[in-house]
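The structure file coords-v7.cif is reproduced below (mmCIF, C-alpha atoms).
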```cif
data_upload
loop_
_atom_site.label_atom_id
_atom_site.label_comp_id
_atom_site.auth_asym_id
_atom_site.auth_seq_id
_atom_site.Cartn_x
_atom_site.Cartn_y
_atom_site.Cartn_z
CA MET N 1 19.12 19.25 3.58
CA GLN N 2 18.74 22.48 1.63
CA LYS N 3 21.98 21.96 -0.29
CA ILE N 4 20.94 18.41 -1.15
CA LEU N 5 17.53 19.66 -2.27
CA ASP N 6 19.09 22.46 -4.35
CA ALA N 7 21.28 19.92 -6.17
CA ILE N 8 18.30 17.67 -6.87
CA LEU N 9 16.15 20.52 -8.14
CA ALA N 10 19.02 21.64 -10.39
CA GLU N 11 19.32 18.02 -11.62
CA GLN N 12 22.95 17.96 -10.45
CA PHE N 13 22.58 14.41 -9.20
CA ASP N 14 26.28 13.57 -9.28
CA ALA N 15 26.93 16.41 -6.83
CA VAL N 16 24.81 14.77 -4.14
CA ALA N 17 27.65 12.41 -3.19
CA GLU N 18 29.89 15.35 -2.30
CA LEU N 19 27.40 17.10 -0.02
CA PRO N 20 27.40 16.45 3.74
CA VAL N 21 24.55 14.45 5.23
CA PRO N 22 22.79 16.48 7.94
CA GLU N 23 22.91 15.24 11.52
CA SER N 24 19.12 15.54 11.78
CA TYR N 25 16.10 15.84 9.53
CA ARG N 26 12.34 16.49 9.65
CA ALA N 27 10.06 13.49 9.90
CA ILE N 28 6.52 12.43 10.73
CA THR N 29 6.49 10.44 13.97
CA VAL N 30 4.30 8.84 16.59
CA HIS N 31 5.46 8.94 20.22
CA GLU N 32 5.72 5.96 22.52
CA ASP N 33 4.45 7.94 25.52
CA GLU N 34 1.20 8.65 23.65
CA THR N 35 0.19 5.08 22.81
CA GLY N 36 -2.71 5.25 25.27
CA MET N 37 -4.09 8.55 24.04
CA PHE N 38 -7.08 6.92 22.29
CA ASP N 39 -7.99 4.40 24.98
CA GLY N 40 -11.76 4.00 25.24
CA ILE N 41 -12.43 5.76 21.94
CA ALA N 42 -14.12 3.94 19.06
CA THR N 43 -11.80 3.13 16.16
CA ARG N 44 -13.52 5.45 13.71
CA ASP N 45 -13.28 8.36 16.16
CA LYS N 46 -9.53 8.06 16.69
CA ASP N 47 -7.88 11.03 15.01
CA PRO N 48 -4.44 10.69 13.32
CA ARG N 49 -4.12 14.47 13.36
CA LYS N 50 -3.59 14.26 17.11
CA SER N 51 -0.97 11.51 17.12
CA LEU N 52 1.18 12.25 14.04
CA HIS N 53 3.88 14.83 14.74
CA LEU N 54 6.37 16.69 12.55
CA ASP N 55 9.64 16.40 14.49
CA GLU N 56 13.34 16.98 14.00
CA VAL N 57 15.01 13.57 14.47
CA ALA N 58 18.59 12.32 14.46
CA THR N 59 19.93 10.83 11.22
CA PRO N 60 20.49 7.10 11.81
CA GLU N 61 23.82 5.36 11.35
CA LEU N 62 24.15 3.81 7.89
CA GLY N 63 24.83 0.08 8.00
CA PRO N 64 26.12 -2.47 5.48
CA GLY N 65 23.72 -3.15 2.62
CA GLU N 66 21.70 -0.01 3.36
CA ALA N 67 21.04 3.34 1.71
CA LEU N 68 20.04 6.80 2.86
CA VAL N 69 17.54 8.41 0.50
CA ALA N 70 16.52 12.06 0.24
CA VAL N 71 12.75 11.71 0.08
CA MET N 72 11.05 13.98 -2.42
CA ALA N 73 7.57 12.52 -1.91
CA SER N 74 5.75 9.75 -0.08
CA ALA N 75 2.16 8.53 0.32
CA ILE N 76 -0.39 7.35 2.88
CA ASN N 77 -1.20 3.68 3.34
CA TYR N 78 -3.54 1.98 5.79
CA ASN N 79 -0.54 0.87 7.81
CA THR N 80 0.18 4.55 8.53
CA VAL N 81 -3.39 4.92 9.74
CA TRP N 82 -3.05 1.82 11.94
CA THR N 83 0.24 3.16 13.34
CA SER N 84 -1.32 6.54 14.08
CA ILE N 85 -4.28 5.13 16.02
CA PHE N 86 -2.19 2.40 17.70
CA GLU N 87 -4.36 -0.41 16.32
CA PRO N 88 -4.50 -3.33 16.35
CA VAL N 89 -1.31 -2.97 18.42
CA SER N 90 1.24 -0.26 19.03
CA THR N 91 4.10 -0.43 16.53
CA PHE N 92 6.59 0.16 19.33
CA GLY N 93 6.34 -3.55 20.09
CA PHE N 94 7.64 -4.23 16.56
CA LEU N 95 10.54 -1.83 17.07
CA LYS N 96 11.50 -3.34 20.42
CA ARG N 97 11.55 -6.87 18.99
CA TYR N 98 13.58 -5.74 16.00
CA GLY N 99 16.00 -3.93 18.29
CA LYS N 100 16.89 -7.21 19.98
CA GLU N 101 18.05 -8.82 16.72
CA SER N 102 21.50 -7.21 16.55
CA PRO N 103 23.50 -4.18 17.70
CA LEU N 104 22.72 -2.51 14.36
CA ALA N 105 18.99 -3.26 14.63
CA LYS N 106 19.02 -1.56 18.04
CA ARG N 107 18.91 1.74 16.11
CA HIS N 108 15.23 1.11 15.41
CA ASP N 109 14.18 0.84 19.07
CA LEU N 110 13.48 4.48 19.87
CA PRO N 111 10.77 6.35 21.82
CA TYR N 112 9.55 7.73 18.49
CA HIS N 113 8.66 5.97 15.25
CA VAL N 114 9.31 7.61 11.87
CA VAL N 115 6.47 6.23 9.74
CA GLY N 116 5.72 5.76 6.06
CA SER N 117 6.09 2.84 3.63
CA ASP N 118 6.39 4.65 0.28
CA LEU N 119 8.97 6.99 -1.20
CA ALA N 120 10.37 8.51 -4.35
CA GLY N 121 13.68 10.29 -4.04
CA VAL N 122 17.42 10.35 -4.60
CA VAL N 123 20.08 8.14 -3.04
CA VAL N 124 22.35 10.21 -0.79
CA ARG N 125 24.66 7.53 0.64
CA THR N 126 25.13 3.78 0.39
CA GLY N 127 26.63 1.44 2.96
CA ALA N 128 29.34 -1.16 2.62
CA GLY N 129 28.60 -3.90 0.13
CA VAL N 130 26.14 -1.88 -1.97
CA ASN N 131 27.15 -1.99 -5.64
CA ALA N 132 23.89 -1.75 -7.61
CA TRP N 133 23.07 1.79 -6.43
CA LYS N 134 25.06 4.98 -5.94
CA PRO N 135 24.46 8.51 -4.64
CA GLY N 136 22.47 10.53 -7.15
CA ASP N 137 20.32 7.63 -8.39
CA ARG N 138 16.62 8.47 -8.68
CA VAL N 139 14.66 5.72 -7.02
CA VAL N 140 11.43 4.47 -5.55
CA ALA N 141 11.37 1.97 -2.70
CA HIS N 142 9.23 -1.04 -1.94
CA CYS N 143 8.53 -1.74 1.72
CA LEU N 144 9.84 -5.30 2.22
CA SER N 145 12.64 -5.41 4.78
CA VAL N 146 14.32 -8.82 5.20
CA GLU N 147 17.47 -10.13 6.85
CA LEU N 148 17.76 -13.37 4.77
CA GLU N 149 19.88 -15.15 7.36
CA SER N 150 17.44 -18.07 7.44
CA PRO N 151 16.98 -20.60 4.61
CA ASP N 152 13.21 -20.08 4.76
CA GLY N 153 13.27 -16.83 2.78
CA HIS N 154 15.48 -17.84 -0.11
CA ASN N 155 12.71 -19.26 -2.28
CA ASP N 156 10.31 -16.41 -1.48
CA THR N 157 11.64 -13.55 0.63
CA MET N 158 8.19 -12.95 2.09
CA MET N 159 8.70 -16.25 3.92
CA ASP N 160 11.79 -15.00 5.72
CA PRO N 161 11.17 -15.24 9.49
CA GLN N 162 12.65 -11.74 9.81
CA GLN N 163 10.38 -10.27 7.14
CA ARG N 164 9.14 -6.82 8.12
CA ILE N 165 7.29 -3.94 6.52
CA TRP N 166 9.58 -0.92 6.38
CA GLY N 167 8.14 2.18 8.03
CA PHE N 168 5.59 0.06 9.91
CA GLU N 169 7.60 -2.69 11.59
CA THR N 170 10.87 -0.79 11.22
CA ASN N 171 11.86 2.79 11.95
CA PHE N 172 13.09 5.58 9.65
CA GLY N 173 10.24 5.37 7.14
CA GLY N 174 9.36 7.45 4.11
CA LEU N 175 7.19 10.26 5.52
CA ALA N 176 10.29 12.33 6.12
CA HIS N 177 13.10 14.30 4.46
CA LEU N 178 15.44 11.30 4.75
CA ALA N 179 14.75 7.58 4.89
CA LEU N 180 16.87 4.54 5.74
CA VAL N 181 16.25 1.49 3.55
CA LYS N 182 17.98 -1.73 2.64
CA SER N 183 19.49 -1.42 -0.82
CA ASN N 184 17.37 -4.34 -2.06
CA GLN N 185 14.29 -2.18 -1.51
CA LEU N 186 15.34 0.23 -4.24
CA MET N 187 13.93 0.31 -7.77
CA PRO N 188 14.31 2.82 -10.63
CA LYS N 189 11.97 5.79 -10.53
CA PRO N 190 9.65 5.83 -13.58
CA GLU N 191 11.00 8.69 -15.68
CA HIS N 192 7.64 9.98 -16.92
CA LEU N 193 6.17 10.51 -13.47
CA THR N 194 6.48 13.35 -10.99
CA TRP N 195 7.95 12.65 -7.57
CA GLU N 196 4.52 12.42 -5.95
CA GLU N 197 3.11 10.21 -8.71
CA ALA N 198 6.11 7.87 -8.56
CA ALA N 199 5.84 7.56 -4.77
CA SER N 200 2.19 6.57 -4.74
CA PRO N 201 2.09 3.06 -6.33
CA GLY N 202 4.80 1.36 -4.23
CA LEU N 203 3.05 -0.55 -1.47
CA VAL N 204 -0.38 -1.01 -3.03
CA ASN N 205 0.83 -1.78 -6.55
CA SER N 206 3.19 -4.50 -5.34
CA THR N 207 0.60 -5.88 -2.91
CA ALA N 208 -2.05 -6.13 -5.64
CA TYR N 209 0.44 -7.72 -8.05
CA ARG N 210 1.34 -10.55 -5.69
CA GLN N 211 -2.23 -10.97 -4.48
CA LEU N 212 -3.80 -11.22 -7.92
CA VAL N 213 -1.15 -11.93 -10.60
CA SER N 214 1.65 -13.87 -8.92
CA ARG N 215 1.76 -17.65 -8.49
CA ASN N 216 2.12 -16.84 -4.79
CA GLY N 217 -1.36 -15.30 -4.88
CA ALA N 218 -4.38 -16.02 -7.06
CA ASP N 219 -2.33 -16.72 -10.24
CA MET N 220 -4.91 -14.93 -12.41
CA LYS N 221 -5.28 -16.04 -16.03
CA GLN N 222 -7.04 -14.71 -19.10
CA GLY N 223 -10.81 -14.94 -18.93
CA ASP N 224 -11.01 -15.14 -15.13
CA VAL N 225 -13.93 -13.30 -13.57
CA VAL N 226 -12.43 -11.29 -10.70
CA LEU N 227 -14.61 -9.68 -8.03
CA ILE N 228 -12.72 -6.65 -6.71
CA TRP N 229 -13.88 -5.01 -3.50
CA GLY N 230 -13.10 -1.30 -3.22
CA ALA N 231 -12.15 -1.25 -6.87
CA SER N 232 -11.44 2.49 -6.99
CA GLY N 233 -9.41 2.55 -3.77
CA GLY N 234 -5.68 2.47 -3.19
CA LEU N 235 -5.39 -1.31 -3.50
CA GLY N 236 -8.41 -2.15 -5.65
CA SER N 237 -7.55 0.39 -8.34
CA TYR N 238 -4.35 -1.53 -9.11
CA ALA N 239 -6.15 -4.87 -9.00
CA THR N 240 -8.61 -3.47 -11.55
CA GLN N 241 -5.75 -2.43 -13.84
CA PHE N 242 -4.01 -5.81 -13.51
CA ALA N 243 -7.25 -7.65 -14.29
CA LEU N 244 -7.86 -5.56 -17.40
CA ASN N 245 -4.23 -5.84 -18.58
CA GLY N 246 -4.19 -9.59 -17.99
CA GLY N 247 -7.29 -10.40 -20.02
CA ALA N 248 -9.48 -11.04 -16.98
CA ILE N 249 -12.99 -9.69 -16.42
CA PRO N 250 -13.14 -7.42 -13.36
CA VAL N 251 -16.40 -6.98 -11.48
CA CYS N 252 -15.78 -3.78 -9.56
CA VAL N 253 -17.55 -3.18 -6.25
CA VAL N 254 -17.64 0.47 -5.17
CA SER N 255 -19.69 2.66 -2.86
CA SER N 256 -20.69 5.71 -4.93
CA PRO N 257 -21.48 6.82 -8.50
CA GLU N 258 -18.24 8.81 -8.56
CA LYS N 259 -16.21 5.70 -7.72
CA ALA N 260 -18.15 3.72 -10.31
CA GLU N 261 -17.23 6.30 -12.94
CA ILE N 262 -13.53 5.98 -12.06
CA CYS N 263 -13.72 2.25 -12.69
CA ARG N 264 -15.35 2.83 -16.04
CA LYS N 265 -12.61 5.31 -16.96
CA MET N 266 -10.06 2.59 -16.20
CA GLY N 267 -11.91 0.39 -18.72
CA ALA N 268 -14.06 -1.77 -16.45
CA ASP N 269 -17.57 -2.40 -17.76
CA LEU N 270 -19.05 -4.41 -14.87
CA VAL N 271 -19.57 -2.25 -11.79
CA ILE N 272 -21.67 -2.70 -8.66
CA ASP N 273 -22.45 0.33 -6.49
CA ARG N 274 -23.08 -1.49 -3.23
CA ASN N 275 -24.75 1.52 -1.63
CA ALA N 276 -27.09 2.11 -4.54
CA GLU N 277 -27.99 -1.58 -4.46
CA GLY N 278 -28.53 -1.41 -0.70
CA PHE N 279 -26.35 -4.39 0.21
CA LYS N 280 -26.17 -4.98 3.97
CA PHE N 281 -24.26 -8.15 4.75
CA TRP N 282 -24.79 -7.86 8.53
CA LYS N 283 -28.19 -7.70 10.23
CA ASP N 284 -26.49 -6.46 13.35
CA GLU N 285 -22.98 -6.46 14.82
CA LYS N 286 -23.03 -10.21 15.43
CA THR N 287 -25.31 -11.63 12.71
CA GLN N 288 -24.69 -11.87 8.98
CA ASP N 289 -27.46 -12.07 6.40
CA PRO N 290 -26.95 -14.95 3.92
CA LYS N 291 -29.84 -13.63 1.82
CA GLU N 292 -27.65 -10.64 0.99
CA TRP N 293 -24.81 -12.94 -0.04
CA LYS N 294 -27.20 -14.65 -2.44
CA ARG N 295 -28.46 -11.32 -3.75
CA LEU N 296 -24.88 -10.25 -4.45
CA GLY N 297 -24.21 -13.53 -6.25
CA ALA N 298 -27.27 -13.00 -8.41
CA LYS N 299 -26.15 -9.46 -9.27
CA ILE N 300 -22.71 -10.72 -10.30
CA ARG N 301 -24.23 -13.40 -12.55
CA GLU N 302 -26.55 -10.79 -14.05
CA LEU N 303 -23.53 -8.71 -15.07
CA THR N 304 -21.33 -11.59 -16.25
CA GLY N 305 -23.95 -13.51 -18.18
CA GLY N 306 -24.20 -16.26 -15.59
CA ASP N 307 -20.62 -16.65 -14.35
CA ASP N 308 -19.53 -16.64 -10.71
CA PRO N 309 -16.14 -15.15 -9.79
CA ASP N 310 -13.09 -17.34 -10.35
CA ILE N 311 -11.23 -15.03 -7.96
CA VAL N 312 -12.40 -12.74 -5.18
CA PHE N 313 -9.91 -9.97 -4.40
CA GLU N 314 -10.51 -9.50 -0.67
CA HIS N 315 -9.20 -6.75 1.57
CA PRO N 316 -12.14 -5.21 3.51
CA GLY N 317 -12.16 -8.29 5.76
CA ARG N 318 -14.84 -8.80 8.37
CA GLU N 319 -17.57 -6.79 6.65
CA THR N 320 -17.42 -8.64 3.34
CA PHE N 321 -15.66 -11.96 3.95
CA GLY N 322 -18.79 -14.09 4.41
CA ALA N 323 -20.14 -12.77 1.13
CA SER N 324 -16.81 -13.35 -0.61
CA ILE N 325 -16.72 -17.00 0.40
CA TYR N 326 -20.28 -17.50 -0.80
CA VAL N 327 -20.04 -15.83 -4.23
CA ALA N 328 -16.79 -17.46 -5.41
CA ARG N 329 -17.40 -20.17 -8.00
CA LYS N 330 -16.94 -23.84 -7.19
CA GLY N 331 -13.20 -24.41 -7.05
CA GLY N 332 -12.63 -20.65 -6.94
CA THR N 333 -10.08 -18.66 -4.96
CA ILE N 334 -10.57 -16.01 -2.30
CA VAL N 335 -7.27 -14.16 -1.92
CA THR N 336 -7.10 -11.93 1.13
CA CYS N 337 -4.98 -9.28 2.77
CA ALA N 338 -5.32 -6.22 5.02
CA SER N 339 -8.82 -6.59 6.59
CA THR N 340 -9.47 -2.87 6.86
CA SER N 341 -12.98 -3.40 8.32
CA GLY N 342 -11.85 -5.96 10.92
CA TYR N 343 -9.56 -8.95 11.30
CA MET N 344 -11.97 -11.46 12.85
CA HIS N 345 -13.61 -13.00 9.80
CA GLU N 346 -16.76 -15.14 9.90
CA TYR N 347 -18.10 -17.28 7.09
CA ASP N 348 -20.18 -20.38 6.49
CA ASN N 349 -17.63 -23.14 5.95
CA ARG N 350 -20.10 -25.29 3.99
CA TYR N 351 -19.70 -22.97 1.01
CA LEU N 352 -15.93 -23.30 1.20
CA TRP N 353 -15.50 -26.99 2.02
CA MET N 354 -18.29 -28.54 -0.06
CA ASN N 355 -17.49 -26.39 -3.08
CA LEU N 356 -13.73 -26.98 -2.97
CA LYS N 357 -12.86 -23.30 -2.73
CA ARG N 358 -9.50 -21.99 -1.51
CA ILE N 359 -8.57 -19.12 0.77
CA VAL N 360 -5.11 -17.74 0.00
CA GLY N 361 -3.43 -15.33 2.38
CA SER N 362 -1.30 -12.69 0.67
CA HIS N 363 1.01 -10.11 2.22
CA PHE N 364 2.92 -7.43 0.33
CA ALA N 365 5.39 -8.85 -2.23
CA ASN N 366 8.90 -10.15 -2.64
CA TYR N 367 11.56 -8.12 -4.42
CA ARG N 368 10.99 -9.81 -7.78
CA GLU N 369 7.22 -9.20 -7.61
CA ALA N 370 7.71 -5.57 -6.53
CA TRP N 371 10.24 -5.04 -9.33
CA GLU N 372 7.86 -6.50 -11.93
CA ALA N 373 4.99 -4.36 -10.65
CA ASN N 374 7.17 -1.23 -10.80
CA LYS N 375 8.32 -2.17 -14.31
CA LEU N 376 4.69 -2.10 -15.47
CA VAL N 377 4.37 1.44 -14.10
CA ASP N 378 7.63 2.43 -15.78
CA LYS N 379 6.37 1.11 -19.15
CA GLY N 380 3.08 3.00 -18.84
CA LEU N 381 1.02 -0.20 -18.64
CA VAL N 382 -0.16 0.54 -15.10
CA HIS N 383 -0.74 4.08 -13.90
CA PRO N 384 -0.69 5.91 -10.57
CA THR N 385 -4.03 6.44 -8.89
CA LEU N 386 -3.05 9.63 -7.08
CA SER N 387 -6.03 11.81 -6.23
CA ARG N 388 -4.70 14.44 -3.83
CA VAL N 389 -1.38 15.61 -2.40
CA TYR N 390 -0.59 17.20 0.96
CA PRO N 391 2.55 18.88 2.32
CA LEU N 392 4.51 16.95 4.92
CA ALA N 393 3.22 19.19 7.71
CA ASP N 394 -0.36 18.11 6.89
CA THR N 395 0.31 14.36 6.97
CA GLY N 396 -2.14 14.02 9.88
CA GLN N 397 -4.94 15.35 7.70
CA ALA N 398 -3.92 13.06 4.84
CA ALA N 399 -4.05 10.05 7.17
CA TYR N 400 -7.38 11.22 8.56
CA ASP N 401 -8.83 11.33 5.04
CA VAL N 402 -7.78 7.72 4.45
CA HIS N 403 -9.02 6.62 7.88
CA GLN N 404 -12.44 8.14 7.17
CA ASN N 405 -12.54 6.80 3.59
CA MET N 406 -12.78 10.37 2.28
CA HIS N 407 -10.24 9.63 -0.46
CA GLN N 408 -10.03 8.01 -3.87
CA GLY N 409 -7.04 5.98 -5.01
CA LYS N 410 -3.90 7.13 -3.21
CA VAL N 411 -3.22 10.24 -1.14
CA GLY N 412 0.28 11.62 -1.66
CA VAL N 413 2.57 13.66 0.58
CA LEU N 414 5.32 16.04 -0.53
CA ALA N 415 8.47 15.64 1.57
CA LEU N 416 11.43 17.64 0.22
CA ALA N 417 9.70 18.52 -3.06
CA PRO N 418 8.60 22.16 -2.72
CA GLU N 419 5.64 21.74 -5.06
CA GLU N 420 3.83 19.23 -7.22
CA GLY N 421 4.81 18.50 -10.80
CA LEU N 422 8.58 18.13 -10.40
CA GLY N 423 10.84 15.21 -11.29
CA VAL N 424 9.72 14.30 -14.82
CA THR N 425 12.65 13.35 -17.08
CA ASN N 426 10.73 11.72 -19.94
CA PRO N 427 8.06 14.23 -21.00
CA GLU N 428 7.42 12.41 -24.28
CA ARG N 429 6.28 9.23 -22.53
CA ARG N 430 4.31 11.30 -20.05
CA ALA N 431 2.40 12.99 -22.85
CA GLN N 432 1.33 9.59 -24.16
CA HIS N 433 -0.27 8.64 -20.84
CA LEU N 434 -1.28 11.97 -19.32
CA ASP N 435 -5.03 11.30 -19.25
CA ALA N 436 -4.52 7.96 -17.49
CA ILE N 437 -2.03 9.47 -15.03
CA ASN N 438 -4.55 12.15 -14.06
CA ARG N 439 -7.58 9.84 -14.00
CA PHE N 440 -8.04 10.07 -10.23
CA ARG N 441 -7.12 13.73 -9.80
CA GLY N 442 -9.74 15.88 -8.13
CA VAL N 443 -12.27 13.07 -7.72
#
```

Can the structure in the file be given as structure tokens, please?
Amino acid sequence: MQKILDAILAEQFDAVAELPVPESYRAITVHEDETGMFDGIATRDKDPRKSLHLDEVATPELGPGEALVAVMASAINYNTVWTSIFEPVSTFGFLKRYGKESPLAKRHDLPYHVVGSDLAGVVVRTGAGVNAWKPGDRVVAHCLSVELESPDGHNDTMMDPQQRIWGFETNFGGLAHLALVKSNQLMPKPEHLTWEEAASPGLVNSTAYRQLVSRNGADMKQGDVVLIWGASGGLGSYATQFALNGGAIPVCVVSSPEKAEICRKMGADLVIDRNAEGFKFWKDEKTQDPKEWKRLGAKIRELTGGDDPDIVFEHPGRETFGASIYVARKGGTIVTCASTSGYMHEYDNRYLWMNLKRIVGSHFANYREAWEANKLVDKGLVHPTLSRVYPLADTGQAAYDVHQNMHQGKVGVLALAPEEGLGVTNPERRAQHLDAINRFRGV
């Protein structure tokens, strides 16, 4: 790996093809024999620092249509947190099912799981049938892994029955020195960004694009009022940018003055600090408080001049879903993914049914949507929301920060990159957007 890294740091990208691929590499893993380590412990008290390991693992066989990528940087997503605490299920079930698909898929069924669903790096090798990419290409990867052997996925690859999230439902993910991806996961690395900045948008940027902008999601239009939960977080910060870029009116819900200020720096004028306002949507663990839904609706109308949200951008799930259904305008759309506060949603169906509202489920993005979302980053129209970066050895702490909501935006991880700030090949474009790129830093 050192020779590959030396070539990348020297910007001798063409030389990468001539260098041998190591038989093993360093990677962040969870272990199958530890899946019960948190049994009986409350979700919030489960500690990723105990379950995420830095191991030396064997380099997987490269199959047709695949690529090996030297990973310079990666990032933490909630799916890494879920993997690390073995909730809602152990990911080894995903790997076992995938391993039954074909002799080549059997590679993924191992007693360890290399995690991570983001990367920025350099292609090291490509498999048979790969023509669009070659060793030495600087790339980022989206996390949709599909087989496309069924007709169901050919209109929208997210509908493929073998659709999986790379690094979560497959092995050999991005929190490592090498990663195995399908070639149709690769996209050009934005030239004005560092490795760690380029790695951070992948999953959340594409997810927010499909959820809010795409026809497969809310199909946002100019003038729409969009309520965005967690508007300064990893997912919500991109939704806020898309709303502003698309001529919509974001109403940003956050939980602190610092997070409110981030939203204002992004250009959002309408911000609700839910803690300062004292919103409590649940009286107790089993009982919601409709009066609080109504109070939230009144606050939104106060800010918008009387308008209810055309779209509610939902991802907290159980904690907020009843309120989201209530506050959406008649005929409005609640578009939902993730459910970071719980998957079992409860709401009063009268407010949905009698007011002709729609709930739209959204999950990651297809290749076209991911490519379009990455193109916006490349053009400097959408910016990374990276707040802090850890070395690979401290991935457990990075995941712990996200699990405990101690972070803003995205938390990055350096893989092969020896330090932050490397990988920029278009300094002129970077200079134009430097303030926006650094907006989340140190917050």

Students should find that atom CA of N:Pro391 and atom CA of N:His177 are spaced 11.7 Å

Specify as a PyMOL selection string each residue included when the PyMOL selection byres ((chain N and resi 174) around 10) is applied to this file.
chain N and resi 27-28+69-76+114-121+141+143+166-167+171-173+175-181+199+413+415

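When all atoms listed in the file are used to compute distances to N:Gly278, the closest of the residues N:His113, N:Arg295, N:Arg49, N:Arg215 turns out to be N:Arg295.
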
Result set, the PyMOL selection byres ((chain N and resi 326-330) around 9) on current file, as a VMD selection string
chain N and resid 227 290 293 to 294 296 to 298 300 307 to 312 321 to 325 331 to 334 347 to 348 351 to 352 354 to 357

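Minimum atom-to-atom distances from N:Leu52, N:Val271, N:Leu416, N:Ala239 to N:His31 were compared using only C-alpha atoms, and the lowest value belongs to N:Leu52.
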
Extract, using all atoms listed in the file, all DNA, RNA and protein residues at most 12 Å from N:Leu422, discarding same-chain residues fewer than 5 positions from it, and format them as an mmCIF file with C-alpha atoms, keeping the file's coordinate frame.
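After the write, selection-v3.cif holds the following:
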```cif
data_model
loop_
_atom_site.group_PDB
_atom_site.id
_atom_site.type_symbol
_atom_site.label_atom_id
_atom_site.label_comp_id
_atom_site.auth_asym_id
_atom_site.auth_seq_id
_atom_site.Cartn_x
_atom_site.Cartn_y
_atom_site.Cartn_z
ATOM 1 C CA ILE N 8 18.300 17.670 -6.870
ATOM 2 C CA LEU N 9 16.150 20.520 -8.140
ATOM 3 C CA ALA N 10 19.020 21.640 -10.390
ATOM 4 C CA GLU N 11 19.320 18.020 -11.620
ATOM 5 C CA MET N 72 11.050 13.980 -2.420
ATOM 6 C CA ALA N 73 7.570 12.520 -1.910
ATOM 7 C CA ALA N 120 10.370 8.510 -4.350
ATOM 8 C CA GLY N 121 13.680 10.290 -4.040
ATOM 9 C CA GLU N 191 11.000 8.690 -15.680
ATOM 10 C CA HIS N 192 7.640 9.980 -16.920
ATOM 11 C CA LEU N 193 6.170 10.510 -13.470
ATOM 12 C CA THR N 194 6.480 13.350 -10.990
ATOM 13 C CA TRP N 195 7.950 12.650 -7.570
ATOM 14 C CA GLU N 196 4.520 12.420 -5.950
ATOM 15 C CA GLU N 197 3.110 10.210 -8.710
ATOM 16 C CA ALA N 198 6.110 7.870 -8.560
ATOM 17 C CA LEU N 414 5.320 16.040 -0.530
ATOM 18 C CA LEU N 416 11.430 17.640 0.220
ATOM 19 C CA ALA N 417 9.700 18.520 -3.060
ATOM 20 C CA PRO N 427 8.060 14.230 -21.000
#
```

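Listed by chain and then by number, the residues chosen by the PyMOL selection byres ((chain N and resi 83) around 10) in this file are Thr29, Val30, Thr35, Pro48, Ser51, Leu52, Tyr78, Asn79, Thr80, Val81, Trp82, Ser84, Ile85, Phe86, Glu87, Pro88, Val89, Ser90, Thr91, Phe92, His113, Val115, Gly116, Gly167, Phe168 and Glu169 of chain N.
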
Would you mind listing what lies within 8 Å of N:Tyr238 as a PyMOL selection string, with all atoms listed in the file counted and same-chain residues fewer than 5 positions away left out?
chain N and resi 204-205+208-209+382+385

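Our summary of the geometry notes that atom CA of N:His363 is positioned 15.5 Å from atom CA of N:Asn155.
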
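You will find atom CA of N:Glu258 at 7.4 Å from atom CA of N:Val443.
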
Could you pull out every residue with an atom within 10 Å of (-12.9, -2.1, -3.0), file coordinates, counting all atoms listed in the file, and send them as number ranges by chain?
N: 227-237, 239-240, 252-255, 259, 313-316

For stretch 144-218 of chain N against stretch 246-249 of chain N, with a cut-off of 12 Å and counting only C-alpha atoms, what is the closest atom pair and its distance in Å to one decimal for every residue that makes the cut, ordered by chain and number, as a Markdown table?
```
| residue | atom | partner | partner_atom | distance |
| --- | --- | --- | --- | --- |
| N:Tyr209 | CA | N:Gly246 | CA | 11.1 |
| N:Leu212 | CA | N:Gly246 | CA | 10.2 |
| N:Val213 | CA | N:Gly246 | CA | 8.3 |
| N:Ser214 | CA | N:Gly246 | CA | 11.6 |
```

For N:Ala17, find every residue with an atom within 8 Å (counting all atoms listed in the file), except residues of its own chain fewer than 6 positions away, and show them as a PyMOL selection string.
chain N and resi 124-125+135-136

Which residue, N:Thr170, N:Asn366, N:Ser183, N:Ser145, has the smallest gap to N:Gly99 when you use only C-alpha atoms?
N:Thr170

From the set N:Arg164, N:Arg107, N:Lys286, N:Lys50, which residue has the shortest atom-to-atom contact distance to N:Val146, counting only C-alpha atoms?
N:Arg164

Contacts of N:Glu319 at 10 Å or less, counting all atoms listed in the file, minus same-chain residues fewer than 4 places along, as a PyMOL selection string?
chain N and resi 280-282+285+288+315+323-324+339-346

Rank nothing, just name the residue among N:Thr126, N:Arg368, N:Pro22, N:Glu420 nearest to N:His154, using all atoms listed in the file.
N:Arg368

Please output stretch 148-152 of chain N, rebuilt to include N, CA and C atoms, as a short mmCIF file (atom, residue, chain, number, x, y, z; two decimals), in the frame of the given file.
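Below is the file result-v6.cif, written as the result:
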```cif
data_model
loop_
_atom_site.label_atom_id
_atom_site.label_comp_id
_atom_site.auth_asym_id
_atom_site.auth_seq_id
_atom_site.Cartn_x
_atom_site.Cartn_y
_atom_site.Cartn_z
N LEU N 148 17.32 -12.26 5.61
CA LEU N 148 17.76 -13.37 4.77
C LEU N 148 18.92 -14.16 5.38
N GLU N 149 18.90 -14.31 6.69
CA GLU N 149 19.88 -15.15 7.36
C GLU N 149 19.33 -16.55 7.64
N SER N 150 18.08 -16.76 7.30
CA SER N 150 17.44 -18.07 7.44
C SER N 150 17.22 -18.66 6.05
N PRO N 151 17.26 -19.99 5.93
CA PRO N 151 16.98 -20.60 4.61
C PRO N 151 15.54 -20.40 4.16
N ASP N 152 14.64 -20.11 5.09
CA ASP N 152 13.21 -20.08 4.76
C ASP N 152 12.86 -19.01 3.73
#
```
